[in-house]
>>> print(open('upload_22.txt').read())   # compact mmCIF, C-alpha atoms
# COMPACT_ATOMS: atom_id res chain seq x y z
CA MET A 1096 -32.28 56.18 -156.37
CA LYS A 1097 -30.17 59.00 -154.94
CA VAL A 1098 -33.03 61.55 -154.99
CA PRO A 1099 -35.58 59.35 -153.14
CA ILE A 1100 -32.92 58.46 -150.54
CA ARG A 1101 -32.08 62.12 -150.06
CA MET A 1102 -35.77 63.04 -149.81
CA LEU A 1103 -36.29 60.26 -147.27
CA GLY A 1104 -33.33 61.61 -145.28
CA ILE A 1105 -34.73 65.15 -145.37
CA ALA A 1106 -38.19 63.91 -144.31
CA ILE A 1107 -36.72 61.92 -141.40
CA ALA A 1108 -34.61 64.90 -140.30
CA VAL A 1109 -37.61 67.27 -140.46
CA ILE A 1110 -39.81 64.88 -138.44
CA TRP A 1111 -37.03 64.39 -135.83
CA VAL A 1112 -36.68 68.18 -135.52
CA LEU A 1113 -40.48 68.54 -135.14
CA LEU A 1114 -40.55 65.77 -132.53
CA ILE A 1115 -37.70 67.30 -130.52
CA ALA A 1116 -39.27 70.77 -130.81
CA PHE A 1117 -42.53 69.32 -129.55
CA ILE A 1118 -40.77 67.73 -126.57
CA VAL A 1119 -38.94 70.96 -125.72
CA LEU A 1120 -42.19 72.99 -125.99
CA ALA A 1121 -44.03 70.40 -123.90
CA ALA A 1122 -41.30 70.55 -121.24
CA TYR A 1123 -41.50 74.37 -121.17
CA SER A 1124 -45.31 74.20 -121.05
CA VAL A 1125 -45.12 72.00 -117.96
CA THR A 1126 -43.05 74.68 -116.21
CA ASP A 1127 -45.79 77.22 -117.04
CA LEU A 1128 -48.49 75.14 -115.36
CA ARG A 1129 -49.60 76.32 -111.93
CA PHE A 1130 -51.69 74.29 -109.50
CA ASN A 1131 -53.02 75.91 -106.35
CA VAL A 1132 -55.22 74.35 -103.72
CA ASP A 1133 -57.38 76.71 -101.68
CA GLU A 1134 -58.36 75.94 -98.13
CA PRO A 1135 -60.75 72.97 -97.98
CA GLN A 1136 -64.24 73.82 -96.79
CA PHE A 1137 -66.98 71.67 -95.31
CA ASN A 1138 -70.46 72.34 -96.63
CA THR A 1139 -73.74 70.48 -96.70
CA ASP A 1140 -75.42 69.60 -99.97
CA SER A 1141 -79.13 69.81 -100.78
CA SER A 1142 -79.78 66.41 -99.21
CA GLY A 1143 -78.10 67.51 -95.98
CA GLN A 1144 -74.99 65.41 -96.51
CA LEU A 1145 -71.61 66.74 -95.47
CA VAL A 1146 -69.37 67.60 -98.42
CA LEU A 1147 -65.67 68.37 -98.37
CA ASN A 1148 -65.08 71.07 -100.96
CA LEU A 1149 -61.57 71.23 -102.36
CA PRO A 1150 -61.12 74.31 -104.61
CA LEU A 1151 -58.35 73.75 -107.18
CA ILE A 1152 -57.05 76.62 -109.27
CA ILE A 1153 -55.30 75.59 -112.46
CA ASP A 1154 -53.40 78.19 -114.46
CA ASN A 1155 -52.57 76.66 -117.82
CA GLY A 1156 -49.92 79.09 -119.04
CA GLY A 1157 -48.41 76.49 -121.38
CA TYR A 1158 -48.71 76.09 -125.12
CA TYR A 1159 -50.99 73.06 -125.01
CA SER A 1160 -54.50 72.37 -123.74
CA LEU A 1161 -55.01 69.95 -120.90
CA LYS A 1162 -57.61 67.37 -121.88
CA GLU A 1163 -59.56 64.77 -119.93
CA PHE A 1164 -58.60 66.35 -116.62
CA LYS A 1165 -59.84 64.04 -113.89
CA ILE A 1166 -59.43 64.36 -110.14
CA SER A 1167 -60.16 61.27 -108.05
CA THR A 1168 -60.23 61.14 -104.28
CA LEU A 1169 -60.47 58.13 -102.04
CA VAL A 1170 -61.03 58.75 -98.35
CA SER A 1171 -60.39 55.86 -96.00
CA ASN A 1172 -59.97 55.37 -92.29
CA VAL A 1173 -56.69 54.43 -90.59
CA GLU A 1174 -57.42 50.73 -91.16
CA GLY A 1175 -57.74 51.43 -94.88
CA LEU A 1176 -61.49 50.90 -95.03
CA GLU A 1177 -63.05 53.00 -97.79
CA ILE A 1178 -65.26 55.82 -96.50
CA SER A 1179 -65.85 57.91 -99.57
CA ARG A 1180 -64.85 58.18 -103.20
CA ALA A 1181 -65.33 61.10 -105.58
CA ASP A 1182 -64.38 62.05 -109.13
CA THR A 1183 -64.40 65.38 -110.94
CA PHE A 1184 -63.98 65.45 -114.69
CA ILE A 1185 -63.12 68.51 -116.81
CA PRO A 1186 -63.09 67.76 -120.58
CA ILE A 1187 -60.63 70.52 -121.50
CA ILE A 1188 -58.59 73.30 -119.92
CA PRO A 1189 -57.56 75.51 -122.86
CA SER A 1190 -54.10 76.97 -123.15
CA GLY A 1191 -53.68 80.35 -121.43
CA GLU A 1192 -56.75 80.03 -119.21
CA ILE A 1193 -57.19 79.92 -115.46
CA VAL A 1194 -59.82 77.47 -114.29
CA THR A 1195 -61.19 76.93 -110.79
CA ILE A 1196 -62.42 73.43 -110.11
CA ASN A 1197 -64.54 72.65 -107.08
CA HIS A 1198 -63.83 69.05 -106.22
CA ASN A 1199 -66.54 67.83 -103.87
CA VAL A 1200 -66.04 64.77 -101.72
CA PRO A 1201 -69.18 63.59 -99.90
CA ILE A 1202 -68.44 62.48 -96.34
CA ASP A 1203 -70.91 60.08 -94.80
CA LEU A 1204 -70.40 60.57 -91.08
CA GLU A 1205 -72.73 57.71 -90.15
CA GLU A 1206 -70.60 55.36 -92.22
CA ILE A 1207 -67.42 56.62 -90.58
CA PHE A 1208 -68.85 56.10 -87.09
CA SER A 1209 -70.46 52.75 -87.88
CA ASN A 1210 -67.14 51.46 -89.29
CA ASP A 1211 -65.11 52.67 -86.34
CA GLU A 1212 -66.67 54.07 -83.18
CA LYS A 1213 -63.45 55.74 -82.12
CA TYR A 1214 -63.96 58.46 -84.76
CA LEU A 1215 -66.89 59.64 -82.62
CA PHE A 1216 -64.94 59.86 -79.39
CA GLU A 1217 -61.22 60.08 -80.26
CA ASP A 1218 -59.27 62.49 -82.43
CA SER A 1219 -57.67 60.58 -85.25
CA GLU A 1220 -56.90 61.01 -88.91
CA LEU A 1221 -58.34 60.12 -92.29
CA GLN A 1222 -56.23 58.82 -95.13
CA ILE A 1223 -56.75 60.56 -98.45
CA SER A 1224 -55.53 59.24 -101.79
CA LEU A 1225 -55.62 61.93 -104.43
CA SER A 1226 -54.90 61.31 -108.09
CA VAL A 1227 -54.99 63.74 -110.99
CA GLY A 1228 -55.10 62.31 -114.50
CA LEU A 1229 -54.78 64.40 -117.63
CA ASN A 1230 -53.92 64.14 -121.27
CA PHE A 1231 -51.10 66.62 -121.81
CA ALA A 1232 -50.51 68.00 -125.30
CA GLU A 1233 -52.85 65.37 -126.79
CA VAL A 1234 -50.23 62.62 -126.79
CA LEU A 1235 -48.88 62.41 -123.24
CA PRO A 1236 -51.43 60.91 -120.84
CA SER A 1237 -50.11 61.54 -117.33
CA GLN A 1238 -51.13 60.85 -113.78
CA ILE A 1239 -50.02 62.42 -110.52
CA SER A 1240 -50.99 60.65 -107.34
CA THR A 1241 -50.33 61.29 -103.70
CA ASN A 1242 -51.39 60.05 -100.30
CA PHE A 1243 -51.75 62.21 -97.25
CA THR A 1244 -53.53 62.18 -93.93
CA PHE A 1245 -56.16 64.65 -92.83
CA PRO A 1246 -56.59 65.38 -89.12
CA TRP A 1247 -59.90 64.25 -87.72
CA GLY A 1248 -61.40 65.95 -84.70
CA ALA A 1249 -63.95 63.83 -82.85
CA PRO A 1250 -67.32 65.49 -82.21
CA PHE A 1251 -67.52 63.85 -78.75
CA SER A 1252 -63.87 63.98 -77.82
CA ASP A 1253 -62.98 63.19 -74.18
CA PHE A 1254 -66.50 61.96 -73.63
CA GLU A 1255 -67.12 61.35 -69.95
CA PHE A 1256 -70.15 59.62 -68.55
CA ASP A 1257 -69.92 59.43 -64.77
CA GLN A 1258 -72.51 57.14 -63.27
CA GLY A 1259 -73.81 59.27 -60.43
CA ASP A 1260 -75.40 58.25 -57.19
CA ILE A 1261 -79.02 57.25 -56.80
CA ASN A 1262 -80.96 59.65 -54.63
CA ARG A 1263 -84.55 59.71 -53.56
CA PHE A 1264 -86.58 62.05 -55.74
CA ASN A 1265 -89.93 61.65 -53.98
CA LEU A 1266 -91.88 58.93 -52.24
CA THR A 1267 -92.31 56.88 -55.41
CA HIS A 1268 -89.25 57.69 -57.49
CA SER A 1269 -85.47 57.86 -57.29
CA ILE A 1270 -83.25 60.16 -59.34
CA ILE A 1271 -79.96 59.22 -60.96
CA THR A 1272 -77.83 62.23 -61.88
CA ILE A 1273 -75.19 61.50 -64.50
CA PRO A 1274 -72.58 64.23 -65.15
CA THR A 1275 -71.69 64.20 -68.84
CA SER A 1276 -69.02 66.16 -70.67
CA PHE A 1277 -67.23 66.22 -73.98
CA VAL A 1278 -65.30 68.55 -76.27
CA ASN A 1279 -66.39 69.11 -79.85
CA ASN A 1280 -63.11 68.87 -81.77
CA ALA A 1281 -64.93 68.35 -85.08
CA PHE A 1282 -65.15 70.94 -87.83
CA ILE A 1283 -68.96 70.93 -87.60
CA ASP A 1284 -71.50 72.13 -85.05
CA VAL A 1285 -72.92 69.35 -82.94
CA THR A 1286 -76.56 70.35 -82.78
CA GLY A 1287 -79.14 67.78 -81.75
CA SER A 1288 -79.75 65.67 -78.72
CA ILE A 1289 -78.35 62.99 -76.48
CA SER A 1290 -80.92 60.38 -75.46
CA LEU A 1291 -80.30 58.06 -72.54
CA GLU A 1292 -82.15 54.90 -71.58
CA LEU A 1293 -81.65 52.89 -68.45
CA CYS A 1294 -82.51 49.25 -69.04
CA ASN A 1295 -82.61 46.21 -66.81
CA GLU A 1296 -80.91 42.93 -67.69
CA ASN A 1297 -83.96 41.89 -69.76
CA ASN A 1298 -83.49 45.05 -71.85
CA SER A 1299 -86.70 46.58 -70.57
CA VAL A 1300 -86.49 50.36 -70.32
CA LEU A 1301 -86.68 51.51 -66.71
CA SER A 1302 -86.27 55.18 -67.47
CA GLU A 1303 -85.24 57.49 -70.27
CA THR A 1304 -84.30 61.09 -70.82
CA GLN A 1305 -83.23 63.40 -73.59
CA GLU A 1306 -80.97 66.45 -73.51
CA LEU A 1307 -80.73 68.99 -76.29
CA ILE A 1308 -77.21 70.02 -77.18
CA SER A 1309 -75.68 72.70 -79.37
CA VAL A 1310 -71.91 72.73 -79.28
CA SER A 1311 -69.77 74.76 -81.65
CA PRO A 1312 -66.42 73.47 -82.91
CA GLN A 1313 -63.58 73.58 -80.37
CA THR A 1314 -65.93 74.17 -77.44
CA SER A 1315 -66.77 71.89 -74.58
CA TYR A 1316 -70.08 70.68 -73.22
CA GLU A 1317 -70.72 69.91 -69.59
CA ASP A 1318 -74.09 69.05 -68.10
CA SER A 1319 -75.93 66.34 -66.20
CA LEU A 1320 -78.45 63.87 -67.46
CA GLU A 1321 -81.16 63.00 -64.99
CA LEU A 1322 -83.11 59.76 -64.90
CA ILE A 1323 -86.23 59.35 -62.76
CA VAL A 1324 -86.65 55.71 -61.80
CA PRO A 1325 -89.74 54.32 -60.05
CA ILE A 1326 -89.03 52.73 -56.71
CA THR A 1327 -89.99 49.06 -56.83
CA GLU A 1328 -89.20 45.93 -54.84
CA ASN A 1329 -86.39 44.87 -57.18
CA GLY A 1330 -85.64 48.40 -58.42
CA LEU A 1331 -82.10 48.66 -57.08
CA THR A 1332 -81.17 45.16 -58.30
CA ASP A 1333 -82.63 45.92 -61.73
CA ILE A 1334 -80.52 49.08 -61.97
CA GLN A 1335 -77.32 47.46 -60.72
CA ASN A 1336 -77.64 44.57 -63.18
CA GLY A 1337 -78.76 46.82 -66.00
CA HIS A 1338 -77.11 49.07 -68.53
CA PHE A 1339 -77.42 52.44 -70.21
CA ASN A 1340 -78.24 52.93 -73.88
CA LEU A 1341 -76.90 56.21 -75.25
CA PHE A 1342 -78.15 57.66 -78.55
CA PHE A 1343 -76.64 60.64 -80.33
CA SER A 1344 -78.79 62.48 -82.81
CA THR A 1345 -77.54 65.52 -84.73
CA LEU A 1346 -78.41 67.26 -87.96
CA LEU A 1347 -75.68 65.37 -89.82
CA PHE A 1348 -75.62 61.96 -88.20
CA GLU A 1349 -77.28 59.61 -85.78
CA TYR A 1350 -75.48 57.07 -83.69
CA GLY A 1351 -76.61 54.57 -81.13
CA PRO A 1352 -77.12 52.74 -79.01
CA LEU A 1353 -73.83 52.98 -77.21
CA VAL A 1354 -74.20 50.40 -74.44
CA ILE A 1355 -72.60 51.26 -71.10
CA PRO A 1356 -73.04 48.72 -68.29
CA TYR A 1357 -74.07 50.05 -64.91
CA GLU A 1358 -71.23 49.76 -62.44
CA MET B 118 6.10 60.16 -159.86
CA SER B 119 4.24 63.46 -160.09
CA GLU B 120 0.95 61.60 -160.60
CA GLN B 121 1.64 59.51 -157.49
CA LYS B 122 2.34 62.69 -155.51
CA THR B 123 -0.86 64.32 -156.74
CA PHE B 124 -2.77 61.16 -155.85
CA ASN B 125 -1.26 61.13 -152.34
CA THR B 126 -2.08 64.80 -151.86
CA LYS B 127 -5.64 64.12 -152.95
CA ILE B 128 -5.95 61.21 -150.54
CA ILE B 129 -4.52 63.24 -147.65
CA ARG B 130 -6.84 66.14 -148.48
CA GLU B 131 -9.81 63.76 -148.63
CA ILE B 132 -8.91 62.19 -145.26
CA ALA B 133 -8.39 65.63 -143.74
CA LEU B 134 -11.77 66.75 -145.03
CA ARG B 135 -13.44 63.66 -143.59
CA VAL B 136 -11.75 64.18 -140.22
CA LEU B 137 -12.76 67.85 -140.27
CA LYS B 138 -16.35 66.96 -141.15
CA ALA B 139 -16.47 64.31 -138.43
CA SER B 140 -14.95 66.74 -135.91
CA LEU B 141 -17.51 69.41 -136.79
CA LYS B 142 -20.32 66.90 -136.35
CA VAL B 143 -18.92 65.78 -132.99
CA ALA B 144 -18.60 69.43 -131.91
CA LEU B 145 -22.21 70.07 -132.96
CA VAL B 146 -23.48 67.02 -131.02
CA TYR B 147 -21.40 68.08 -128.02
CA ILE B 148 -22.84 71.64 -128.11
CA ILE B 149 -26.39 70.24 -128.29
CA TYR B 150 -25.56 67.88 -125.40
CA ILE B 151 -24.18 70.77 -123.32
CA PHE B 152 -27.41 72.73 -123.86
CA VAL B 153 -29.75 69.79 -123.26
CA ALA B 154 -27.95 68.21 -120.26
CA PRO B 155 -28.77 71.03 -117.77
CA MET B 156 -32.45 70.71 -118.72
CA LEU B 157 -32.34 67.05 -117.77
CA ALA B 158 -30.32 67.63 -114.60
CA PRO B 159 -33.40 68.06 -112.33
CA LEU B 160 -34.62 64.66 -113.51
CA SER B 161 -31.36 62.95 -112.60
CA GLY B 162 -32.31 63.18 -108.93
CA LEU B 163 -35.54 61.35 -109.64
CA ILE B 164 -34.26 58.81 -112.17
CA PRO B 165 -31.04 57.18 -110.99
CA ASP B 166 -28.41 56.61 -113.69
CA LEU B 167 -30.27 58.85 -116.18
CA MET B 168 -27.23 60.96 -117.02
CA ILE B 169 -24.93 57.90 -117.24
CA SER B 170 -27.42 56.24 -119.59
CA ILE B 171 -27.68 59.34 -121.80
CA GLU B 172 -23.90 59.85 -121.80
CA SER B 173 -23.23 56.26 -122.87
CA PHE B 174 -25.89 56.58 -125.59
CA VAL B 175 -24.36 59.81 -126.92
CA ILE B 176 -20.79 58.40 -126.83
CA PHE B 177 -21.70 55.23 -128.75
CA PHE B 178 -23.85 57.23 -131.21
CA VAL B 179 -20.98 59.68 -131.87
CA VAL B 180 -18.41 56.88 -132.29
CA LEU B 181 -20.60 55.20 -134.93
CA MET B 182 -21.21 58.57 -136.61
CA VAL B 183 -17.47 59.34 -136.75
CA LEU B 184 -16.65 55.86 -138.09
CA SER B 185 -19.36 56.30 -140.73
CA ASP B 186 -17.89 59.65 -141.82
CA LEU B 187 -14.34 58.34 -141.90
CA THR B 188 -15.31 55.35 -144.04
CA LYS B 189 -17.31 57.45 -146.49
CA ASP B 190 -17.74 56.00 -150.01
CA THR B 191 -17.00 52.50 -148.80
CA ILE B 192 -19.38 49.69 -147.87
CA PHE B 193 -18.31 50.17 -144.23
CA GLN B 194 -20.02 53.53 -144.15
CA HIS B 195 -23.34 51.76 -144.69
CA PHE B 196 -22.48 49.09 -142.09
CA PHE B 197 -21.86 51.80 -139.52
CA ASN B 198 -24.98 53.76 -140.55
CA THR B 199 -27.12 50.62 -140.21
CA ALA B 200 -25.46 49.75 -136.89
CA ARG B 201 -26.21 53.26 -135.64
CA GLU B 202 -29.89 53.04 -136.59
CA LEU B 203 -30.16 49.56 -135.03
CA TYR B 204 -28.48 50.90 -131.88
CA VAL B 205 -31.01 53.77 -131.64
CA ILE B 206 -33.93 51.32 -132.12
CA GLY B 207 -32.50 48.93 -129.54
CA TYR B 208 -31.86 51.73 -127.06
CA LEU B 209 -35.40 53.10 -127.49
CA LEU B 210 -36.98 49.64 -127.13
CA LEU B 211 -34.92 48.81 -124.05
CA SER B 212 -35.53 52.15 -122.36
CA MET B 213 -39.23 52.09 -123.30
CA GLY B 214 -40.11 49.03 -121.20
CA ASP B 215 -43.89 49.17 -120.85
CA GLY B 216 -43.99 52.72 -122.21
CA PHE B 217 -44.66 54.34 -118.83
CA MET B 218 -42.22 56.62 -117.06
CA SER B 219 -42.73 56.78 -113.31
CA LEU B 220 -41.12 59.28 -110.99
CA SER B 221 -41.54 59.46 -107.25
CA TYR B 222 -40.76 62.35 -104.97
CA GLU B 223 -41.64 61.98 -101.28
CA SER B 224 -45.31 60.93 -101.31
CA ILE B 225 -46.02 62.23 -104.81
CA SER B 226 -45.72 59.94 -107.80
CA LEU B 227 -45.92 60.98 -111.43
CA THR B 228 -46.63 58.54 -114.23
CA VAL B 229 -46.36 59.61 -117.85
CA ASN B 230 -47.49 57.38 -120.69
CA LEU B 231 -44.78 57.80 -123.34
CA THR B 232 -46.04 55.05 -125.64
CA ILE B 233 -47.02 57.42 -128.47
CA PHE B 234 -43.74 59.35 -128.25
CA TYR B 235 -41.67 56.15 -128.19
CA SER B 236 -43.69 54.71 -131.09
CA ILE B 237 -43.02 57.79 -133.24
CA ALA B 238 -39.31 57.72 -132.33
CA VAL B 239 -39.02 53.99 -133.13
CA LEU B 240 -40.88 54.46 -136.43
CA LEU B 241 -38.51 57.30 -137.39
CA SER B 242 -35.53 55.10 -136.50
CA LEU B 243 -37.01 52.32 -138.62
CA LEU B 244 -37.28 54.79 -141.51
CA GLY B 245 -33.64 55.70 -140.87
CA LEU B 246 -32.73 52.01 -140.99
CA ALA B 247 -34.64 51.60 -144.25
CA ARG B 248 -32.75 54.60 -145.64
CA SER B 249 -29.39 53.09 -144.62
CA ILE B 250 -30.28 49.82 -146.33
CA LEU B 251 -31.42 51.68 -149.45
CA GLN B 252 -28.11 53.59 -149.45
CA ALA B 253 -26.21 50.30 -149.17
CA ILE B 254 -28.22 48.79 -152.04
CA ASP B 255 -27.62 51.94 -154.11
CA TYR B 256 -23.90 51.82 -153.33
CA MET B 257 -23.63 48.14 -154.31
CA GLY B 258 -25.67 48.75 -157.45
CA LYS B 259 -23.41 51.62 -158.52
CA LYS B 260 -20.32 49.59 -157.68
CA ALA B 261 -21.59 46.74 -159.85
CA GLU B 262 -22.37 49.21 -162.64
CA ARG B 263 -18.83 50.66 -162.42
CA GLU B 264 -17.26 47.20 -162.50
CA ALA B 265 -19.42 46.19 -165.46
CA SER B 266 -18.54 49.34 -167.44
CA PHE B 267 -14.84 48.89 -166.51
CA GLN B 268 -14.90 45.31 -167.83
CA THR B 269 -16.67 46.49 -171.00
CA VAL B 270 -13.90 49.05 -171.54
CA LEU B 271 -11.26 46.36 -170.93
CA LYS B 272 -12.91 44.02 -173.44
CA LYS B 273 -12.94 46.75 -176.07
>>> encode(input="upload_22.txt", output="structure tokens")
Amino acid sequence: MKVPIRMLGIAIAVIWVLLIAFIVLAAYSVTDLRFNVDEPQFNTDSSGQLVLNLPLIIDNGGYYSLKEFKISTLVSNVEGLEISRADTFIPIIPSGEIVTINHNVPIDLEEIFSNDEKYLFEDSELQISLSVGLNFAEVLPSQISTNFTFPWGAPFSDFEFDQGDINRFNLTHSIITIPTSFVNNAFIDVTGSISLELCNENNSVLSETQELISVSPQTSYEDSLELIVPITENGLTDIQNGHFNLFFSTLLFEYGPLVIPYE
Amino acid sequence: MSEQKTFNTKIIREIALRVLKASLKVALVYIIYIFVAPMLAPLSGLIPDLMISIESFVIFFVVLMVLSDLTKDTIFQHFFNTARELYVIGYLLLSMGDGFMSLSYESISLTVNLTIFYSIAVLLSLLGLARSILQAIDYMGKKAEREASFQTVLKK
């Protein structure tokens, strides 16, 4: 009986030593892991959708491979409404290798603006939940998660739409000149058009116009929209009881109508 | 009289040896603790009471180990060995909880699934417990054998 007990004792001691050695090596391997995040970039994919590209550089200098490496991102607005979700999965990052992962998060601008109009006209922020899951050293599944906010620059920040005076254009028509201005605080070019409709109270279009725009990030736009309205018996009443319909159309999104009552 | 003196000397030497062995073991555990504690120090900021918990574990473990060494070749040695293994199992099960260790620092949270590690540790402790029980059975068996042979000699 003494020999089996001694052998059992030796086996237990050896396995404890191996287990502790494994823990120590795993702890040292963690200190040899390096995570770097390059500057995020905004690109468009083949379908023309805006994509936030987050380049992650992982230097696995440890003794163990990182398996089932998964990055998940959830982008939501300030009210917590989900805007976008993306996952990137890397089956294995071998020991001693440096891997660059391009984590792409599609951003649907139309969904952002349809959920909350203020993202079109007011600078705000987006909430980003980032979680990284991995299986460390085969036996230690781990997850790191963090929440942070990302500044959001509105493409039509400080949008001003001054309802100008009505002047006579010719014998049959009047002209309404509407000074319009905004600052593109977004990270994208605003290239497209602004369409304006003047409607009466029955929603019949009295006049319409379209202005092409091309505004680079951090630059302002200032111009006037002109509407030619036929002079009729009830023309002035129709205008004064009517409203404007504004439509924004760019390469990356379309929005409208934004209804502005005539004052 | 001389035999009694020799016997006393033997007993004193035996006790001294046990104390020396126990002291060496305590010193060894203390040296390991001194080396390991600084490695765990960064975690103490993230896990409150970590160092207190580890210290109390080490103290109780060492006390049981010393008592086991001092009561060598008695049934109490096996009681203390079994108590020590049960204490390790209990400590692991209590500290394991759901098997997940969560740390939070500012807005970053880290969750590590330690279920496999805890399972291996508990299984090893269970093997240790089985060993202690086997040692106790072996001790009782040998004691019974000694008593039986002593009675046989007396009968003769």
>>> interface_residues(input="upload_22.txt", of="chain B", to="chain A", cutoff="9 Å", atoms="only C-alpha atoms", output="list in words")
Ser224, Ile225, Ser226, Leu227, Thr228, Val229, Asn230, Leu231, Thr232, Ile233, Phe234, Ile237, Ala238, Leu241, Ser242, Leu244, Gly245, Arg248, Ser249, Leu251, Gln252 and Asp255 of chain B
>>> residues_around(input="upload_22.txt", residues="Leu1353 in chain A", least_positions_apart="2", cutoff="10 Å", atoms="all atoms listed in the file", output="list in words")
Glu1212, Leu1291, Phe1339, Asn1340, Leu1341, Phe1342, Phe1343, Tyr1350, Gly1351, Ile1355 and Pro1356 of chain A
>>> write_last_selection(input="upload_22.txt", atoms="C-alpha atoms", output="PDB file, keeping the file's coordinate frame")
ATOM      1  CA  GLU A1212     -66.670  54.070 -83.180  1.00  0.00           C
ATOM      2  CA  LEU A1291     -80.300  58.060 -72.540  1.00  0.00           C
ATOM      3  CA  PHE A1339     -77.420  52.440 -70.210  1.00  0.00           C
ATOM      4  CA  ASN A1340     -78.240  52.930 -73.880  1.00  0.00           C
ATOM      5  CA  LEU A1341     -76.900  56.210 -75.250  1.00  0.00           C
ATOM      6  CA  PHE A1342     -78.150  57.660 -78.550  1.00  0.00           C
ATOM      7  CA  PHE A1343     -76.640  60.640 -80.330  1.00  0.00           C
ATOM      8  CA  TYR A1350     -75.480  57.070 -83.690  1.00  0.00           C
ATOM      9  CA  GLY A1351     -76.610  54.570 -81.130  1.00  0.00           C
ATOM     10  CA  ILE A1355     -72.600  51.260 -71.100  1.00  0.00           C
ATOM     11  CA  PRO A1356     -73.040  48.720 -68.290  1.00  0.00           C
TER      12      PRO A1356
END
>>> residues_around(input="upload_22.txt", residues="Val1324 in chain A", least_positions_apart="3", cutoff="10 Å", atoms="all atoms listed in the file", output="count of residues only")
18
>>> atom_distance(input="upload_22.txt", atom1="CA of Val1194 in chain A", atom2="CA of Asp1154 in chain A")
6.5 Å
>>> closest_residue(input="upload_22.txt", among="B:Arg201, B:Lys142, B:Lys259, B:Arg135", to="Lys189 in chain B", atoms="all atoms listed in the file")
B:Arg135
>>> closest_atom_pairs(input="upload_22.txt", of="range 132-223 of chain B", to="range 119-128 of chain B", cutoff="12 Å", atoms="only C-alpha atoms", output="JSON lines")
{"residue": "B:Ile132", "atom": "CA", "partner": "B:Ile128", "partner_atom": "CA", "distance": 6.1}
{"residue": "B:Ala133", "atom": "CA", "partner": "B:Ile128", "partner_atom": "CA", "distance": 8.5}
{"residue": "B:Leu134", "atom": "CA", "partner": "B:Ile128", "partner_atom": "CA", "distance": 9.7}
{"residue": "B:Arg135", "atom": "CA", "partner": "B:Ile128", "partner_atom": "CA", "distance": 10.5}
>>> closest_residue(input="upload_22.txt", among="A:Glu1349, A:Asp1127, A:Asp1260, A:Asp1284", to="Leu1204 in chain A", atoms="all atoms listed in the file")
A:Glu1349
>>> closest_residue(input="upload_22.txt", among="B:Ser140, B:Ser173, B:Ser266, B:Ser236", to="Leu210 in chain B", atoms="all atoms listed in the file")
B:Ser236
>>> residues_around(input="upload_22.txt", residues="Tyr150 in chain B", least_positions_apart="2", cutoff="12 Å", atoms="all atoms listed in the file", output="list of chain:residue names")
B:Val143, B:Ala144, B:Leu145, B:Val146, B:Tyr147, B:Ile148, B:Phe152, B:Val153, B:Ala154, B:Pro155, B:Met156, B:Leu157, B:Ala158, B:Met168, B:Ile171, B:Glu172, B:Phe174, B:Val175, B:Ile176, B:Val179
>>> build_atoms(input="upload_22.txt", residues="range 182-189 of chain B", atoms="N, CA, C and O atoms", output="CSV table (one decimal), in the frame of the given file")
chain,number,residue,atom,x,y,z
B,182,MET,N,-21.1,57.5,-135.6
B,182,MET,CA,-21.2,58.6,-136.6
B,182,MET,C,-19.8,58.9,-137.2
B,182,MET,O,-19.7,59.1,-138.4
B,183,VAL,N,-18.8,59.0,-136.3
B,183,VAL,CA,-17.5,59.3,-136.8
B,183,VAL,C,-16.9,58.2,-137.7
B,183,VAL,O,-16.4,58.5,-138.8
B,184,LEU,N,-17.1,57.0,-137.3
B,184,LEU,CA,-16.6,55.9,-138.1
B,184,LEU,C,-17.3,55.9,-139.5
B,184,LEU,O,-16.7,55.6,-140.5
B,185,SER,N,-18.6,56.2,-139.5
B,185,SER,CA,-19.4,56.3,-140.7
B,185,SER,C,-18.8,57.4,-141.6
B,185,SER,O,-18.6,57.2,-142.8
B,186,ASP,N,-18.5,58.5,-141.0
B,186,ASP,CA,-17.9,59.6,-141.8
B,186,ASP,C,-16.5,59.3,-142.3
B,186,ASP,O,-16.1,59.7,-143.5
B,187,LEU,N,-15.7,58.7,-141.5
B,187,LEU,CA,-14.3,58.3,-141.9
B,187,LEU,C,-14.3,57.3,-143.0
B,187,LEU,O,-13.4,57.2,-143.8
B,188,THR,N,-15.3,56.4,-143.0
B,188,THR,CA,-15.3,55.4,-144.0
B,188,THR,C,-16.3,55.7,-145.2
B,188,THR,O,-16.9,54.8,-145.8
B,189,LYS,N,-16.4,57.0,-145.4
B,189,LYS,CA,-17.3,57.4,-146.5
B,189,LYS,C,-16.9,56.8,-147.8
B,189,LYS,O,-15.7,56.6,-148.1
